[in-house]
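Trainee: Have a look at the structure that comes next, please.
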Amino acid sequence: MHLSPPALAESLLLLPSAAAALVWLPMLWRLVRRGRAGQDGQAPAAMRTPNRLQDYATTGTSVLSTALTLALAATAHQPQTFRVLFIGMYVDSLSIYFLLLVGVVAMAASFYIGPYLRSHHAASPGKQALFYSLFNLFHLTMVFVPMVSNLVILWIGIELTTITSTALIVVEGGRRHFEAAWKYIMITSTGIIFALLGTLFLATAIHGKLAHPSMSWHNLLVIAPHLNPSLVRLSFLFVLVGYGTKAGLAPMHTWLPDAHGEAAYPVSALLSGVLLKSALYAILRFIIITNSSLRSTIFTSNVMLIAGLLSLVVATPLILRRSRFKRTLAYHSLEHMGIIVVGIGIGGPIALFGALLHVLNHGVTKSLMFLGYGNVQDNYQARNVVAAGHHEAGDHEAPHQEPGHQEAGPDADDDVTGVIRAMPTTGWMLALGGLALVGSPPFSIFLSEFIILWGGVQRLINAPSGWLIFVLVVFVLSVTLIFCGLIRHLGRMLLGEPEFRPKRATARRIVPLLVLFGLVLLLGVTVPAFGVLNLQRLLHESVAIMCQGGCR
Amino acid sequence: MPSSLLNQSALVMSYLLVIIALWISATRTLTSMVRLYQAQALVLTVVVLITAFEPGRRLLALGLVAILPFTLAVIVPPLLARATFDATSSRSPAHGSGTVGLRGLRAAQRQALDEAELTWLQHGGSRLPVSLSTAIDMFLIAVAVLVAYRLSGGAKTASVAPSLAVSIALLLQGLFTMINKNDIVSQIIGLLVVDQGLFLAAVRVAPAALAVFFVLSLFLYVLVTLTILLWVLPGLHRTSASIEVAGNAELRG
């Protein structure tokens with residue numbers, strides 16, 4: 001069967017929508033059975049068993065979505081415009097690159113939902129259905145964002161990601177989850193208003209320039225040179241503050257450690273790996289328009305360098321201080337978003353190539369870390385619950401974990417030691433993933449950081465600048481300090497003697513980690529250009545879209 | 001009615017929005033803040049309706065937008081009351097009323113508002129003294145005016161400058177209210193003030209031909225507000241039993 005690129009893109013939207021609805025079927029079936037059981041006076045036996053249909057629908061959707069994205073990458077050599085309902089879509093290489101990131105991370109995370117729910121919500125079929133449904137809706141919104149053509153609808157897409165992800169955080173129902181969700185939705189919703197106002201300023205700037213005004217980004221690109229430059233500059237600043245809040249850039253990052261720290265680990269992987277990049281994608285589209293309008297990259301370059309540098313500087317002490325591991329990983333997101341933004345700020349084909357590659361590298365590596373740590377969390381918490389059960393109730397059955405069971409203090413994972421001995425595969429994945437995350441060779445993040453740095457040096461050779469030297473020095477210093485910080489955290493957690501013998505990890509918990517690690521290793525050695533995955537072409541075309549012929 | 005008169009009336013009404021926001025920032029009880037917010041939302045409804053009748057505007061689209069601030073004016077106080085009541089008591093206000101149907105619902109809503117007002121009267125204070133808060137608010141309004149007029153120097157955009165100034169002023173005032181107040185309900189009201197700025201900008205600043213997209217975004221923003229009011233805020237209050245910011249600071253950001 002041959003599907004055209006628009007049909008492939010439409011299927012990418014259709015799949016998670018269908019899965020989000022499908023996962024409620026078992027719940028409805030159970031309600032029907034409960035009704036019958038009530039009439040017969042019998043309790044339904046399968047009420048507490050995790051449902052396979054929900055699991056297969058969600059993992060199947062994510063696997064199929066990744067396959068469709070790869071097919072789209074292989075077939076869509078020209079930008080595609082089409083409509084879904086009344087919404088105009090525009091898919092080019094930059095969109096496909098971000099779709100690929102969504103696909104890979106969502107696929108890995110989807111395999112962990114089943115194990116996560118078995119450990120946390122075994123007694124609540126309603127919460128299971130809700131969680132699966134929200135996960136698929138979150139997936140849908142993140143697929144929607146890179147495909148949409150109209151910049152106002154893009155804003156709507158980003159806001160939809162906020163609603164679905166907030167719901168995924170509060171579905172747990174504990175105090176800390178509500179607090180994290182509260183900060184997340186309040187800060188990002190306030191920030192995102194700036195983005196809408198920025199978009200509105202851009203709309204005001206096109207007043208009278210077109211017979212049929214349009215907010216489609218490719219139409220805006222055509223008339224960009226004729227726009228009011230003051231309004232375009234202000235629009236970009238507002239958009240950067242707005243979407244920057246969602247992208248977790250400093251100083252609007254304060255929601256990030258709380259939301260990443262309290263969310264379920266498959267959700268944390270998506271939040272860190274993809275959600276931040278969805279907001280970055282929006283910023284990239286505005287950069288292109290702003291550069292075309294101002295006929296220079298200097299303004300956006302300087303603003304991005306300041307924003308990136310600030311994130312790097314703020315992230316460094318936060319990573320070095322002692323805190324819960326998931327929070328430390330969240331601070332790493334701040335650091336890596338800073339690195340990506342610095343790369344975009346440096347500009348030019350080399351640094352832009354590095355920055356875009358870093359988007360994928362960070363997404364994959366951070367998913368590996370969050371999901372690997374999820375394995376550790378489940379095992380060590382199960383140990384704590386069993387111990388508490390024995391202590392308080394003699395030999396009675398261990399108490400079921402209630403929502404909000406992670407109510408311990410901020411340094412609650414202090415007792416997690418000896419992971420490498422207790423869970424060797426997960427432990428080694430975390431150790432190597434940690435090394436990758438701090439930019440050690442031969443892993444992916446080292447390669448993209450090196451390319452960004454090389455891009456900076458090239459720009460310095462072409463046009464020497466004290467400001468750029470300062471940026472590069474701070475960049476190198478921060479990355480070096482952060483290297484030491486994570487090694488200390490990982491050493492405490494991974495080394496030493498474990499206090500208990502954990503359950504043997506299932507293949508389902510290990511294989512996705514190995515696949516992600518394989519990607520981290522592969523992307524550290526080369527940028528693949530074989531078979532259906534011609535990442536090099538995709539990246540070069542994305543850089544060309546970013547440059548619009550203006551990069552040197 | 002001449003278009004210039006409609007325009008002038010809408011402008012005068014929108015200045016009223018800034019004055020009410022100033023008042024919200026200066027007031028010391030949540031009860032007053034909630035009532036002032038209601039008044040502000042109703043004024044905004046009038047501004048949107050006046051704008052809808054201006055020549056070149058899409059009457060139907062703007063008429064639909066007018067429903068939004070009006071709906072928020074009606075539903076926000078009971079929702080805030082419900083959330084506040086959850087924070088201070090474990091029982092539902094509807095319990096024990098004994099009445100059912102619409103009258104029962106109204107009675108329960110009235111009871112929730114009455115009980116919430118007892119809490120609201122004790123909260124709503126600012127971190128800074130009122131005189132300093134007002135001075136900062138005035139400064140923010142001045143910044144908004146400067147930015148708006150500097151931006152709209154071109155002849156084509158000069159006509160939107162006063163509305164742009166009001167929108168930016170509401171945005172800044174709302175943000176300041178969120179930072180300056182001590183409790184979570186005030187923070188929500190701050191967000192709603194920011195929301196009003198957004199409404200005004202979408203209606204009066206955006207080009208008429210593109211208004212439909214911004215209208216869509218406003219509907220979505222209301223959805224976000226409702227997510228906060230219906231789900232997150234009551235849950236937060238229920239689990240922490242406090243509406244103070246300090247009582248909900250277990251996580252450190």
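Starting from 1 in every chain, residues are counted up; chains themselves are A, B, ... following the order of the structure tokens, and ligands are numbered from 1 as listed.
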Could you pull out the residues in range 6-101 of chain B that DSSP calls alpha helix (DSSP H) from the backbone, as a ChimeraX atom specification?
Mentor: /B:6-26,30-52,59-88,101
Trainee: Name the residues in contact with range 294-307 of chain A at a cut-off of 6 Å, using only C-alpha atoms, excluding same-chain residues fewer than 3 positions from it; report them as a ChimeraX atom specification.
Mentor: /A:291,310,341-342,345
Trainee: Could you list, as a list in words, every residue of chain B that has an atom within 7 Å of an atom of chain A, counting only C-alpha atoms?
Mentor: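 Therefore, the residues near the partner are Leu151, Leu191, Ala206, Pro207, Ala209, Leu210, Phe213, Phe214, Ser217, Leu220, Val224, Val232, Gly235, Leu236, Thr239, Ser240, Asn248, Leu251 and Gly253 of chain B.
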Trainee: Go ahead and save the residues from that selection, with N, CA and C atoms, as a PDB file, in the first residue's frame.
Mentor:
ATOM      1  N   LEU B 151       5.850  51.933  19.735  1.00  0.00           N
ATOM      2  CA  LEU B 151       5.691  50.883  18.727  1.00  0.00           C
ATOM      3  C   LEU B 151       4.822  51.306  17.568  1.00  0.00           C
ATOM      4  N   LEU B 191      -3.952  36.201  37.237  1.00  0.00           N
ATOM      5  CA  LEU B 191      -3.925  35.538  35.923  1.00  0.00           C
ATOM      6  C   LEU B 191      -5.144  35.935  35.093  1.00  0.00           C
ATOM      7  N   ALA B 206      -5.749  43.161  17.127  1.00  0.00           N
ATOM      8  CA  ALA B 206      -5.532  42.261  15.982  1.00  0.00           C
ATOM      9  C   ALA B 206      -6.292  42.765  14.762  1.00  0.00           C
ATOM     10  N   PRO B 207      -5.693  42.620  13.557  1.00  0.00           N
ATOM     11  CA  PRO B 207      -6.415  43.016  12.352  1.00  0.00           C
ATOM     12  C   PRO B 207      -7.731  42.241  12.248  1.00  0.00           C
ATOM     13  N   ALA B 209      -9.353  40.953   9.918  1.00  0.00           N
ATOM     14  CA  ALA B 209      -9.379  39.766   9.064  1.00  0.00           C
ATOM     15  C   ALA B 209      -8.797  38.536   9.761  1.00  0.00           C
ATOM     16  N   LEU B 210      -7.946  38.762  10.746  1.00  0.00           N
ATOM     17  CA  LEU B 210      -7.317  37.629  11.443  1.00  0.00           C
ATOM     18  C   LEU B 210      -7.961  37.345  12.794  1.00  0.00           C
ATOM     19  N   PHE B 213      -8.865  33.714  14.270  1.00  0.00           N
ATOM     20  CA  PHE B 213      -7.853  32.830  14.860  1.00  0.00           C
ATOM     21  C   PHE B 213      -7.603  33.194  16.326  1.00  0.00           C
ATOM     22  N   PHE B 214      -7.560  34.490  16.574  1.00  0.00           N
ATOM     23  CA  PHE B 214      -7.315  34.917  17.948  1.00  0.00           C
ATOM     24  C   PHE B 214      -8.522  34.597  18.838  1.00  0.00           C
ATOM     25  N   SER B 217      -8.103  31.133  19.877  1.00  0.00           N
ATOM     26  CA  SER B 217      -7.107  31.007  20.939  1.00  0.00           C
ATOM     27  C   SER B 217      -7.679  31.452  22.286  1.00  0.00           C
ATOM     28  N   LEU B 220      -9.581  28.686  23.806  1.00  0.00           N
ATOM     29  CA  LEU B 220      -8.672  27.700  24.390  1.00  0.00           C
ATOM     30  C   LEU B 220      -8.113  28.196  25.721  1.00  0.00           C
ATOM     31  N   VAL B 224      -8.002  26.521  29.518  1.00  0.00           N
ATOM     32  CA  VAL B 224      -6.885  26.402  30.464  1.00  0.00           C
ATOM     33  C   VAL B 224      -7.307  26.936  31.830  1.00  0.00           C
ATOM     34  N   VAL B 232      -7.120  21.701  39.128  1.00  0.00           N
ATOM     35  CA  VAL B 232      -5.843  21.863  39.833  1.00  0.00           C
ATOM     36  C   VAL B 232      -6.024  22.607  41.164  1.00  0.00           C
ATOM     37  N   GLY B 235      -7.875  20.621  43.861  1.00  0.00           N
ATOM     38  CA  GLY B 235      -7.002  19.513  44.282  1.00  0.00           C
ATOM     39  C   GLY B 235      -5.886  20.001  45.163  1.00  0.00           C
ATOM     40  N   LEU B 236      -5.307  21.109  44.778  1.00  0.00           N
ATOM     41  CA  LEU B 236      -4.203  21.676  45.564  1.00  0.00           C
ATOM     42  C   LEU B 236      -4.686  22.064  46.953  1.00  0.00           C
ATOM     43  N   THR B 239      -5.491  18.973  49.144  1.00  0.00           N
ATOM     44  CA  THR B 239      -4.356  18.200  49.651  1.00  0.00           C
ATOM     45  C   THR B 239      -3.490  18.990  50.624  1.00  0.00           C
ATOM     46  N   SER B 240      -3.501  20.324  50.497  1.00  0.00           N
ATOM     47  CA  SER B 240      -2.625  21.099  51.392  1.00  0.00           C
ATOM     48  C   SER B 240      -3.413  21.803  52.498  1.00  0.00           C
ATOM     49  N   ASN B 248       1.885  26.210  50.334  1.00  0.00           N
ATOM     50  CA  ASN B 248       1.989  25.338  49.165  1.00  0.00           C
ATOM     51  C   ASN B 248       3.373  25.476  48.539  1.00  0.00           C
ATOM     52  N   LEU B 251       7.647  22.102  47.311  1.00  0.00           N
ATOM     53  CA  LEU B 251       8.637  21.987  46.243  1.00  0.00           C
ATOM     54  C   LEU B 251       9.292  23.352  46.075  1.00  0.00           C
ATOM     55  N   GLY B 253      11.090  24.614  43.355  1.00  0.00           N
ATOM     56  CA  GLY B 253      11.316  25.197  42.036  1.00  0.00           C
ATOM     57  C   GLY B 253      12.731  25.000  41.515  1.00  0.00           C
TER      58      GLY B 253
END
Trainee: Can you tell me which residues surround Ser542 in chain A at a distance of at most 8 Å, considering only C-alpha atoms, apart from same-chain residues fewer than 6 positions away, and format the answer as a list in words?
Mentor: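 That gives Ser93, Leu94 and Tyr97 of chain A.
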Trainee: Could you state the separation of CA of Ala39 in chain B and CA of Val76 in chain B in Å, given to one decimal place?
Mentor: 11.9 Å
Trainee: Can you list, as a PyMOL selection string, every protein, DNA or RNA residue that comes within 8 Å of Leu137 in chain A when you count only C-alpha atoms, leaving out same-chain residues fewer than 5 positions away?
Mentor: chain A and resi 16-17+20+164
Trainee: Write out as an NGL selection string which residues come within 8 Å of range 488-504 of chain A when counting only C-alpha atoms, dropping same-chain ones fewer than 6 positions away.
Mentor: :A and (322 or 325 or 379-380 or 383 or 414 or 416-423 or 427 or 431 or 434)
Trainee: Calculate how many Å separate CA of Val145 in chain B from CA of Arg28 in chain B, rounding to one decimal.
Mentor: 26.8 Å
Trainee: Return the single residue from A:Val23, A:Ile288, A:Leu85, A:Ile487 that is closest to Val222 in chain A, with distances computed using only C-alpha atoms.
Mentor: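 Result for the nearest residue to Val222 in chain A: A:Ile288.
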Trainee: Which residues are close to Leu240 in chain A, i.e. within 9 Å by only C-alpha atoms, leaving aside same-chain residues fewer than 3 positions away? Reply as a ChimeraX atom specification.
Mentor: /A:194-195,198,235-237,243-245,283,286,303-304,307
Trainee: Mind dumping the selected residues with N, CA and C atoms as a PDB file, in the first residue's frame?
Mentor:
ATOM      1  N   PHE A 194       2.400  35.861  26.705  1.00  0.00           N
ATOM      2  CA  PHE A 194       3.369  36.716  26.004  1.00  0.00           C
ATOM      3  C   PHE A 194       3.553  36.228  24.565  1.00  0.00           C
ATOM      4  N   ALA A 195       3.565  34.892  24.421  1.00  0.00           N
ATOM      5  CA  ALA A 195       3.740  34.341  23.073  1.00  0.00           C
ATOM      6  C   ALA A 195       2.567  34.725  22.181  1.00  0.00           C
ATOM      7  N   GLY A 198       2.910  38.277  21.314  1.00  0.00           N
ATOM      8  CA  GLY A 198       3.962  38.392  20.293  1.00  0.00           C
ATOM      9  C   GLY A 198       3.408  38.054  18.921  1.00  0.00           C
ATOM     10  N   SER A 235       7.688  41.598  18.727  1.00  0.00           N
ATOM     11  CA  SER A 235       7.005  40.314  18.587  1.00  0.00           C
ATOM     12  C   SER A 235       7.956  39.177  18.948  1.00  0.00           C
ATOM     13  N   PHE A 236       9.170  39.238  18.424  1.00  0.00           N
ATOM     14  CA  PHE A 236      10.129  38.158  18.699  1.00  0.00           C
ATOM     15  C   PHE A 236      10.466  38.091  20.195  1.00  0.00           C
ATOM     16  N   LEU A 237      10.654  39.264  20.816  1.00  0.00           N
ATOM     17  CA  LEU A 237      10.996  39.265  22.253  1.00  0.00           C
ATOM     18  C   LEU A 237       9.863  38.638  23.072  1.00  0.00           C
ATOM     19  N   TYR A 243       7.279  31.393  24.661  1.00  0.00           N
ATOM     20  CA  TYR A 243       7.635  29.999  24.365  1.00  0.00           C
ATOM     21  C   TYR A 243       8.887  29.585  25.155  1.00  0.00           C
ATOM     22  N   GLY A 244       9.728  30.577  25.487  1.00  0.00           N
ATOM     23  CA  GLY A 244      10.907  30.266  26.310  1.00  0.00           C
ATOM     24  C   GLY A 244      10.504  29.745  27.679  1.00  0.00           C
ATOM     25  N   THR A 245       9.381  30.252  28.202  1.00  0.00           N
ATOM     26  CA  THR A 245       8.875  29.755  29.483  1.00  0.00           C
ATOM     27  C   THR A 245       8.537  28.274  29.350  1.00  0.00           C
ATOM     28  N   ILE A 283       9.753  28.732  18.563  1.00  0.00           N
ATOM     29  CA  ILE A 283      10.725  29.845  18.559  1.00  0.00           C
ATOM     30  C   ILE A 283      11.505  29.849  17.229  1.00  0.00           C
ATOM     31  N   PHE A 286       9.669  31.519  14.449  1.00  0.00           N
ATOM     32  CA  PHE A 286       9.654  32.984  14.586  1.00  0.00           C
ATOM     33  C   PHE A 286      11.033  33.583  14.269  1.00  0.00           C
ATOM     34  N   VAL A 303      20.031  38.007  21.003  1.00  0.00           N
ATOM     35  CA  VAL A 303      18.997  37.677  21.999  1.00  0.00           C
ATOM     36  C   VAL A 303      19.105  36.194  22.401  1.00  0.00           C
ATOM     37  N   MET A 304      19.296  35.339  21.412  1.00  0.00           N
ATOM     38  CA  MET A 304      19.398  33.904  21.706  1.00  0.00           C
ATOM     39  C   MET A 304      20.661  33.597  22.509  1.00  0.00           C
ATOM     40  N   ALA A 307      19.936  34.551  26.075  1.00  0.00           N
ATOM     41  CA  ALA A 307      19.001  33.599  26.704  1.00  0.00           C
ATOM     42  C   ALA A 307      19.687  32.263  26.991  1.00  0.00           C
TER      43      ALA A 307
END
Trainee: Can you pull out every residue within 12 Å of range 521-527 of chain A, counting only C-alpha atoms, but drop anything in the same chain fewer than 5 positions away, and send it as number ranges by chain?
Mentor: A: 353-354, 356-362, 364-365, 368, 429, 432-433, 435-437, 439-451, 514-516, 533-540
Trainee: I need the residues from that last selection saved to file as a PDB file, in the first residue's frame (with C-alpha atoms), if you can.
Mentor:
ATOM      1  CA  PHE A 353      23.481  21.766  12.427  1.00  0.00           C
ATOM      2  CA  GLY A 354      24.969  21.070  15.881  1.00  0.00           C
ATOM      3  CA  LEU A 356      19.441  20.788  15.786  1.00  0.00           C
ATOM      4  CA  LEU A 357      21.381  17.552  16.284  1.00  0.00           C
ATOM      5  CA  HIS A 358      21.567  18.381  19.994  1.00  0.00           C
ATOM      6  CA  VAL A 359      17.764  18.586  20.076  1.00  0.00           C
ATOM      7  CA  LEU A 360      17.550  14.900  19.126  1.00  0.00           C
ATOM      8  CA  ASN A 361      20.569  13.837  21.182  1.00  0.00           C
ATOM      9  CA  HIS A 362      19.262  15.435  24.349  1.00  0.00           C
ATOM     10  CA  VAL A 364      17.085  10.455  23.395  1.00  0.00           C
ATOM     11  CA  THR A 365      19.666  10.607  26.213  1.00  0.00           C
ATOM     12  CA  LEU A 368      17.212   6.912  28.640  1.00  0.00           C
ATOM     13  CA  MET A 429      22.673   2.112  31.304  1.00  0.00           C
ATOM     14  CA  LEU A 432      26.802   5.317  30.515  1.00  0.00           C
ATOM     15  CA  GLY A 433      23.725   7.475  29.885  1.00  0.00           C
ATOM     16  CA  LEU A 435      28.354  10.063  30.927  1.00  0.00           C
ATOM     17  CA  ALA A 436      26.590  10.764  27.651  1.00  0.00           C
ATOM     18  CA  LEU A 437      24.437  13.440  29.265  1.00  0.00           C
ATOM     19  CA  GLY A 439      29.044  15.291  27.095  1.00  0.00           C
ATOM     20  CA  SER A 440      31.635  12.525  27.285  1.00  0.00           C
ATOM     21  CA  PRO A 441      32.961  10.962  24.108  1.00  0.00           C
ATOM     22  CA  PRO A 442      32.076   8.750  22.291  1.00  0.00           C
ATOM     23  CA  PHE A 443      28.420   9.554  22.950  1.00  0.00           C
ATOM     24  CA  SER A 444      25.938  11.640  20.979  1.00  0.00           C
ATOM     25  CA  ILE A 445      25.855  14.773  23.121  1.00  0.00           C
ATOM     26  CA  PHE A 446      29.640  15.113  22.883  1.00  0.00           C
ATOM     27  CA  LEU A 447      29.368  15.172  19.101  1.00  0.00           C
ATOM     28  CA  SER A 448      26.656  17.832  18.964  1.00  0.00           C
ATOM     29  CA  GLU A 449      28.327  19.991  21.622  1.00  0.00           C
ATOM     30  CA  PHE A 450      31.585  19.719  19.723  1.00  0.00           C
ATOM     31  CA  ILE A 451      29.886  20.740  16.454  1.00  0.00           C
ATOM     32  CA  LEU A 514      19.231  -0.795  25.244  1.00  0.00           C
ATOM     33  CA  VAL A 515      17.637   0.604  22.090  1.00  0.00           C
ATOM     34  CA  LEU A 516      17.934   4.167  23.392  1.00  0.00           C
ATOM     35  CA  LEU A 533      16.824   7.162   8.147  1.00  0.00           C
ATOM     36  CA  ASN A 534      18.761   9.784   6.229  1.00  0.00           C
ATOM     37  CA  LEU A 535      19.261  12.048   9.188  1.00  0.00           C
ATOM     38  CA  GLN A 536      22.058  13.968   7.471  1.00  0.00           C
ATOM     39  CA  ARG A 537      19.756  15.061   4.646  1.00  0.00           C
ATOM     40  CA  LEU A 538      17.002  15.938   7.094  1.00  0.00           C
ATOM     41  CA  LEU A 539      19.392  18.056   9.160  1.00  0.00           C
ATOM     42  CA  HIS A 540      20.951  19.818   6.159  1.00  0.00           C
TER      43      HIS A 540
END
Trainee: Would you work out the distance separating CA of Leu334 in chain A from CA of Leu371 in chain A, expressed in Å to one decimal?
Mentor: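 Answer for the CA of Leu334 in chain A to CA of Leu371 in chain A separation: 18.6 Å.
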Trainee: Could you give me, as a VMD selection string, each residue of range 71-252 of chain B that DSSP assigns to strand (DSSP E or B) when run on this structure's backbone?
Mentor: chain B and resid 126 181 183 244
Trainee: Using only C-alpha atoms, find the one residue out of B:Leu140, B:Val147, B:Leu42, B:Ile50 that sits nearest to Gln173 in chain B.
Mentor: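 Looking only at the distances to Gln173 in chain B, the closest residue turns out to be B:Leu140.
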